[in-house]
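J.: Before I ask anything, let me first share the structure, which is written out below as structure tokens.
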Amino acid sequence: MHVPIYEVVNVIGEKARGLGFWSPGSGLLRLLNSSTTQVQDKSIVTAGKILKPVIWPGDSPTVPKGWDFPVNAKILRIGVPVRHEFKFFVNVEANHNTNGSRVSGYSVDIFEAAVNKLPYALRYEYIPYDCANSYDQLISQVYYKKFDAAVGDVTIIANRSRYVDFTMPYTESGVSMLVLAKNDDETTMWIFLEPLTKDLWIATVFFIFFTGLVVWMIENPKNKKFQGSKWKQFSTAFYFAFSTLTFSHDQIIKKLHSKVVVVIWCFVVLVLVQSYTASLSSLLTAQRLQPSVTDPRQLLRNGDYVGYQNGSFVHAMLRRLRFDERKIKVISTLEEYAKALKAGSKNGGVSAIFDEHPYLNSFIAQYGKEFQIVGPIARTDGFGFVFPRGSPLVPDLSKAILNITEGCEGFRIQKKWFGDATPSPDYGSPDANSVRLSLRSFKGLFIVNGFALCVMLVINLPEFVRANCTELRNLSLQRAQSSGEIASDSEPQQLQNNNAAPVEPLQIERETN
């Protein structure tokens, strides 16, 4: 019986391209041969390994995802929020020439760049939607299939992800505080102590005394400048040790071991002095701006007013932080942000504004360092694009967003809307603690110096003890000799006094007779 053989072709437009052959007995084959008509077990071989590569619509070797958008040429209805502030993310303007709307902004440019990176064509149109500053309403429109997607500065939070799917975020995440910066540039009379932390000051003073003690112990047996009364020895040893801080010590040491100790200590002092000078210069010359508020609990204790962006989910977060509803104010524009913070809680304003990083960074880029960001106070996943649950567009757009944000194109779009200042979290200007030197930075130096001092102490201790013992024996002998001379001088004087004593009564007795 004749077995039919069929050719598998790839239809491209009006042309056909052969991929291979198929027969009931042989299965898929790329080429015909003499054994084609014989029955063979080809069930375990896949078509992709035998046939020539398939060219899919759009001249793409990638297999289509199978969703009906590109196949049926359906135009996606994408909802965009109509914003009255922060328009650099999404800006909807009326187009009088077409009686439609023109949509632009940072979020829109990121979305369009991601769509251009898809391996298939995607047709869409923007539908402006006035959600009264509540993005939950915009998300509900996607959930109820009135929109096929939503593009804008929509924050990814857990409650929303139960109803829709989000792409990968295209901005940083987190909620922080925006506060007024105060100038802490007034120097104090004790500012010279600030470059070093307390533990480093203690360690430095300890090693000054330890070095002086070791040098005195080495030099005392044979160096007359380290001998004499106890007060003279103490003052000479520690004057020498303290003078090394300014490298003004005299050449009064003679022994090699003392010179080794002093050289190592002078190196430690050199590093400390140079670091101290640099840190003190930074404290005296740098502008020291400090945030007026550093913790939400400080606001709660003081009963201050706080603000948040109109329609933001941050209001619920403030309530979870136990802020009184009467102390929470709604603020809409960047100008109102600045005005409220400058006024303060006591003059009808607020002491802090809670908002997401992208909004606060854009505010700082416009108003400079008069204000500072403190935080983060809470974590979020940033801004993402909204799609219905199960949409196959989400993984493809997420990959495209990663390629954009990690490459030069993302930086170019960012620069277009935010200028040269990169919007990134700023947690305030560095305070005095950021330029202070701690013991941890010099721990290695002190360990080496301490080891050298201990070695010299062990080496010279026997000689020091022997010299002091000899001195004590000599002193005891001198005292004994002095006591013997005094005793021998006093005996003849006592005998002379005893012989002269009876004469005087005899004279008196004769006079009375």
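By convention here, the chains of the structure tokens are called A, B, ... in the order presented, each chain's residues are numbered starting at 1, and ligands are numbered starting at 1 in the order presented.
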Pick out the residues sitting within 9 Å of Phe86 in chain A, and hand them over as a list in words; count only C-alpha atoms, and ignore anything fewer than 3 positions along from it in its own chain.
T.: Arg83, Phe89, Val90, Asn91, Ser332, Thr333, Leu334, Tyr359 and Ser362 of chain A
J.: Could the residues in this selection be saved with C-alpha atoms as a short mmCIF file (atom, residue, chain, number, x, y, z; two decimals), in the first residue's frame?
T.:
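The result, written out as again.cif:
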data_model
loop_
_atom_site.label_atom_id
_atom_site.label_comp_id
_atom_site.auth_asym_id
_atom_site.auth_seq_id
_atom_site.Cartn_x
_atom_site.Cartn_y
_atom_site.Cartn_z
CA ARG A 83 -3.41 64.94 37.35
CA PHE A 89 4.87 61.88 35.66
CA VAL A 90 1.62 62.04 33.67
CA ASN A 91 0.40 65.15 31.89
CA SER A 332 -1.75 69.01 46.69
CA THR A 333 1.01 70.96 44.91
CA LEU A 334 4.75 71.47 45.25
CA TYR A 359 7.59 62.87 44.42
CA SER A 362 11.29 65.87 42.27
#
J.: Mind listing the helix (DSSP H, G or I) residues of range 131-179 of chain A, per DSSP on the backbone, as JSON, numbers by chain?
T.: {"A": [135, 136, 137, 138, 139, 140, 141, 142, 143, 158, 159, 160, 161]}
J.: Can you list, as an MDAnalysis selection string, every protein, DNA or RNA residue that comes within 10 Å of Lys255 in chain A when you count only C-alpha atoms, leaving out same-chain residues fewer than 5 positions away?
T.: chainID A and resid 215 218:219 222:223 260
J.: Print the selection's residues with N, CA and C atoms to a file, as an mmCIF file, in the first residue's frame.
T.:
data_model
loop_
_atom_site.group_PDB
_atom_site.id
_atom_site.type_symbol
_atom_site.label_atom_id
_atom_site.label_comp_id
_atom_site.auth_asym_id
_atom_site.auth_seq_id
_atom_site.Cartn_x
_atom_site.Cartn_y
_atom_site.Cartn_z
ATOM 1 N N VAL A 215 59.000 54.140 78.125
ATOM 2 C CA VAL A 215 60.240 54.890 77.878
ATOM 3 C C VAL A 215 60.951 55.165 79.201
ATOM 4 N N ILE A 218 62.660 51.998 80.452
ATOM 5 C CA ILE A 218 63.862 51.626 79.701
ATOM 6 C C ILE A 218 65.033 52.550 80.047
ATOM 7 N N GLU A 219 64.757 53.857 80.157
ATOM 8 C CA GLU A 219 65.828 54.837 80.327
ATOM 9 C C GLU A 219 66.249 55.033 81.791
ATOM 10 N N LYS A 222 69.939 53.941 83.486
ATOM 11 C CA LYS A 222 71.224 54.506 83.097
ATOM 12 C C LYS A 222 71.160 55.951 82.624
ATOM 13 N N ASN A 223 69.960 56.479 82.367
ATOM 14 C CA ASN A 223 69.840 57.852 81.866
ATOM 15 C C ASN A 223 69.535 58.773 83.052
ATOM 16 N N VAL A 260 63.091 52.787 69.306
ATOM 17 C CA VAL A 260 62.126 51.979 68.545
ATOM 18 C C VAL A 260 60.697 52.294 68.988
#
J.: As a PDB file with N, CA and C atoms, in the first residue's frame, which residues of range 263-368 of chain A does DSSP assign to strand (DSSP E)?
T.:
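Writing done, so here's states05.pdb:
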ATOM      1  N   LEU A 289      23.834  71.341  57.486  1.00  0.00           N
ATOM      2  CA  LEU A 289      22.378  71.420  57.503  1.00  0.00           C
ATOM      3  C   LEU A 289      21.826  70.141  58.116  1.00  0.00           C
ATOM      4  N   GLN A 290      20.986  70.292  59.102  1.00  0.00           N
ATOM      5  CA  GLN A 290      20.414  69.156  59.788  1.00  0.00           C
ATOM      6  C   GLN A 290      18.888  69.201  59.649  1.00  0.00           C
ATOM      7  N   PRO A 291      18.255  68.026  59.511  1.00  0.00           N
ATOM      8  CA  PRO A 291      16.792  68.019  59.446  1.00  0.00           C
ATOM      9  C   PRO A 291      16.183  68.468  60.763  1.00  0.00           C
ATOM     10  N   VAL A 306       1.049  67.111  60.370  1.00  0.00           N
ATOM     11  CA  VAL A 306       1.760  66.469  59.267  1.00  0.00           C
ATOM     12  C   VAL A 306       0.881  66.534  58.022  1.00  0.00           C
ATOM     13  N   GLY A 307       1.500  66.389  56.859  1.00  0.00           N
ATOM     14  CA  GLY A 307       0.773  66.453  55.606  1.00  0.00           C
ATOM     15  C   GLY A 307       1.046  65.253  54.718  1.00  0.00           C
ATOM     16  N   TYR A 308       0.182  65.066  53.719  1.00  0.00           N
ATOM     17  CA  TYR A 308       0.357  64.014  52.726  1.00  0.00           C
ATOM     18  C   TYR A 308      -0.269  64.478  51.415  1.00  0.00           C
ATOM     19  N   GLN A 309       0.127  63.833  50.330  1.00  0.00           N
ATOM     20  CA  GLN A 309      -0.378  64.208  49.018  1.00  0.00           C
ATOM     21  C   GLN A 309      -1.840  63.800  48.853  1.00  0.00           C
ATOM     22  N   ILE A 328      -3.672  65.731  60.652  1.00  0.00           N
ATOM     23  CA  ILE A 328      -3.267  65.347  59.301  1.00  0.00           C
ATOM     24  C   ILE A 328      -3.892  66.319  58.298  1.00  0.00           C
ATOM     25  N   LYS A 329      -3.061  66.889  57.433  1.00  0.00           N
ATOM     26  CA  LYS A 329      -3.526  67.852  56.441  1.00  0.00           C
ATOM     27  C   LYS A 329      -3.260  67.340  55.033  1.00  0.00           C
ATOM     28  N   VAL A 330      -4.178  67.668  54.124  1.00  0.00           N
ATOM     29  CA  VAL A 330      -4.046  67.292  52.722  1.00  0.00           C
ATOM     30  C   VAL A 330      -3.332  68.416  51.977  1.00  0.00           C
ATOM     31  N   ILE A 331      -2.283  68.075  51.235  1.00  0.00           N
ATOM     32  CA  ILE A 331      -1.504  69.046  50.472  1.00  0.00           C
ATOM     33  C   ILE A 331      -1.407  68.548  49.032  1.00  0.00           C
ATOM     34  N   ALA A 352       6.091  68.176  58.926  1.00  0.00           N
ATOM     35  CA  ALA A 352       6.647  67.166  58.025  1.00  0.00           C
ATOM     36  C   ALA A 352       5.579  66.757  57.026  1.00  0.00           C
ATOM     37  N   ILE A 353       6.021  66.336  55.841  1.00  0.00           N
ATOM     38  CA  ILE A 353       5.129  65.825  54.807  1.00  0.00           C
ATOM     39  C   ILE A 353       5.586  64.416  54.467  1.00  0.00           C
ATOM     40  N   PHE A 354       4.658  63.474  54.498  1.00  0.00           N
ATOM     41  CA  PHE A 354       4.954  62.081  54.173  1.00  0.00           C
ATOM     42  C   PHE A 354       4.536  61.813  52.730  1.00  0.00           C
ATOM     43  N   ASP A 355       5.471  61.300  51.935  1.00  0.00           N
ATOM     44  CA  ASP A 355       5.174  61.009  50.538  1.00  0.00           C
ATOM     45  C   ASP A 355       6.174  60.000  50.003  1.00  0.00           C
ATOM     46  N   GLU A 356       5.955  59.563  48.764  1.00  0.00           N
ATOM     47  CA  GLU A 356       6.827  58.571  48.149  1.00  0.00           C
ATOM     48  C   GLU A 356       8.082  59.226  47.584  1.00  0.00           C
TER      49      GLU A 356
END
J.: Contacts between range 129-150 of chain A and range 348-403 of chain A, please, where a residue of range 348-403 of chain A counts if it comes within 7 Å (with only C-alpha atoms); show its shortest atom pair and distance in Å to one decimal, rows by chain and ascending number, as a tab-separated table.
T.:
residue	atom	partner	partner_atom	distance
A:Phe385	CA	A:Ala150	CA	6.0
A:Val386	CA	A:Ala150	CA	4.9
A:Phe387	CA	A:Ala149	CA	4.6
A:Pro388	CA	A:Tyr143	CA	6.1
J.: Grab the residues selected above and save them as a PDB file, in the first residue's frame with C-alpha atoms.
T.:
ATOM      1  CA  PHE A 385       1.927  49.619  35.026  1.00  0.00           C
ATOM      2  CA  VAL A 386      -1.446  47.965  35.702  1.00  0.00           C
ATOM      3  CA  PHE A 387      -2.904  45.018  33.722  1.00  0.00           C
ATOM      4  CA  PRO A 388      -5.703  42.513  34.315  1.00  0.00           C
TER       5      PRO A 388
END
J.: Hey, could you make a per-residue contact list for range 156-220 of chain A against range 94-118 of chain A with 12 Å as the cut-off, showing the nearest pair of atoms and its distance in Å to one decimal, counting only C-alpha atoms, sorted by chain and number, as a Markdown table?
T.:
| residue | atom | partner | partner_atom | distance |
| --- | --- | --- | --- | --- |
| A:Thr167 | CA | A:Phe111 | CA | 10.4 |
| A:Met168 | CA | A:Ala114 | CA | 11.3 |
| A:Pro169 | CA | A:Ile110 | CA | 10.8 |
| A:Tyr170 | CA | A:Ile110 | CA | 7.8 |
| A:Thr171 | CA | A:Ser107 | CA | 9.4 |
J.: Could you check which of A:Met189, A:Leu200, A:Ile404, A:Ile413 is closest to Phe88 in chain A, using only C-alpha atoms?
T.: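 Result for the nearest residue to Phe88 in chain A: A:Ile413.
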J.: Can you measure CA of Thr277 in chain A to CA of Pro195 in chain A for me? One decimal in Å is fine.
T.: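 Between CA of Thr277 in chain A and CA of Pro195 in chain A the gap is 8.3 Å.
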J.: Using only C-alpha atoms, which of the listed residues (A:His257, A:Lys15, A:Arg322, A:Lys182) sits closest to Leu457 in chain A?
T.: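 Counting only C-alpha atoms, the residue closest to Leu457 in chain A is A:His257.
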J.: With a distance cut-off of 10 Å and only C-alpha atoms, select the neighbouring residues of Glu463 in chain A, excluding the residue or stretch itself and same-chain residues fewer than 4 positions from it, and output the selection as a list in words.
T.: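 These residues fall inside the cut-off: Met217, Ile218, Pro221, Val458, Ile459, Ala467, Asn468 and Cys469 of chain A.
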J.: For Leu437 in chain A, which of A:Leu360, A:Ser26, A:Ser279, A:Gly384 is the closest residue, counting only C-alpha atoms?
T.: A:Ser279
J.: When you count only C-alpha atoms, which of these residues is closest to Ser176 in chain A: A:Val374, A:Ala237, A:Leu213, A:Leu472?
T.: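 Closest to Ser176 in chain A of all the choices is A:Val374.
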J.: Find, counting only C-alpha atoms, the residue in A:Arg389, A:Lys230, A:Arg479, A:Arg440 that gets nearest to Ser161 in chain A.
T.: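 Among A:Arg389, A:Lys230, A:Arg479, A:Arg440, it is A:Arg389 that comes nearest to Ser161 in chain A.
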J.: Can you list, as a VMD selection string, every protein, DNA or RNA residue that comes within 10 Å of Ile264 in chain A when you count only C-alpha atoms, leaving out same-chain residues fewer than 4 positions away?
T.: chain A and resid 259 to 260 268 to 270 445 448 to 450 452 to 453
J.: Could those residues be written to a file, using N, CA and C atoms, as a JSON list (two decimals), in the first residue's frame?
T.:
[["chain", "number", "residue", "atom", "x", "y", "z"],
["A", 259, "LYS", "N", 64.20, 54.25, 71.42],
["A", 259, "LYS", "CA", 64.06, 54.88, 70.10],
["A", 259, "LYS", "C", 63.08, 54.12, 69.21],
["A", 260, "VAL", "N", 63.09, 52.79, 69.31],
["A", 260, "VAL", "CA", 62.13, 51.98, 68.55],
["A", 260, "VAL", "C", 60.70, 52.29, 68.99],
["A", 268, "VAL", "N", 52.16, 56.53, 64.66],
["A", 268, "VAL", "CA", 50.73, 56.55, 65.05],
["A", 268, "VAL", "C", 50.25, 57.97, 65.24],
["A", 269, "VAL", "N", 51.06, 58.80, 65.89],
["A", 269, "VAL", "CA", 50.69, 60.19, 66.11],
["A", 269, "VAL", "C", 50.56, 60.93, 64.79],
["A", 270, "LEU", "N", 51.46, 60.66, 63.84],
["A", 270, "LEU", "CA", 51.39, 61.32, 62.53],
["A", 270, "LEU", "C", 50.06, 61.03, 61.84],
["A", 445, "LEU", "N", 46.46, 50.28, 63.96],
["A", 445, "LEU", "CA", 47.62, 51.04, 64.42],
["A", 445, "LEU", "C", 47.86, 50.83, 65.91],
["A", 448, "VAL", "N", 49.28, 47.32, 66.69],
["A", 448, "VAL", "CA", 50.72, 47.22, 66.39],
["A", 448, "VAL", "C", 51.53, 47.96, 67.44],
["A", 449, "ASN", "N", 51.11, 49.18, 67.79],
["A", 449, "ASN", "CA", 51.84, 49.96, 68.79],
["A", 449, "ASN", "C", 51.80, 49.29, 70.16],
["A", 450, "GLY", "N", 50.66, 48.76, 70.54],
["A", 450, "GLY", "CA", 50.54, 48.08, 71.82],
["A", 450, "GLY", "C", 51.41, 46.84, 71.88],
["A", 452, "ALA", "N", 54.22, 46.34, 70.21],
["A", 452, "ALA", "CA", 55.62, 46.79, 70.33],
["A", 452, "ALA", "C", 55.92, 47.24, 71.76],
["A", 453, "LEU", "N", 55.02, 47.95, 72.39],
["A", 453, "LEU", "CA", 55.24, 48.40, 73.77],
["A", 453, "LEU", "C", 55.34, 47.23, 74.73]]
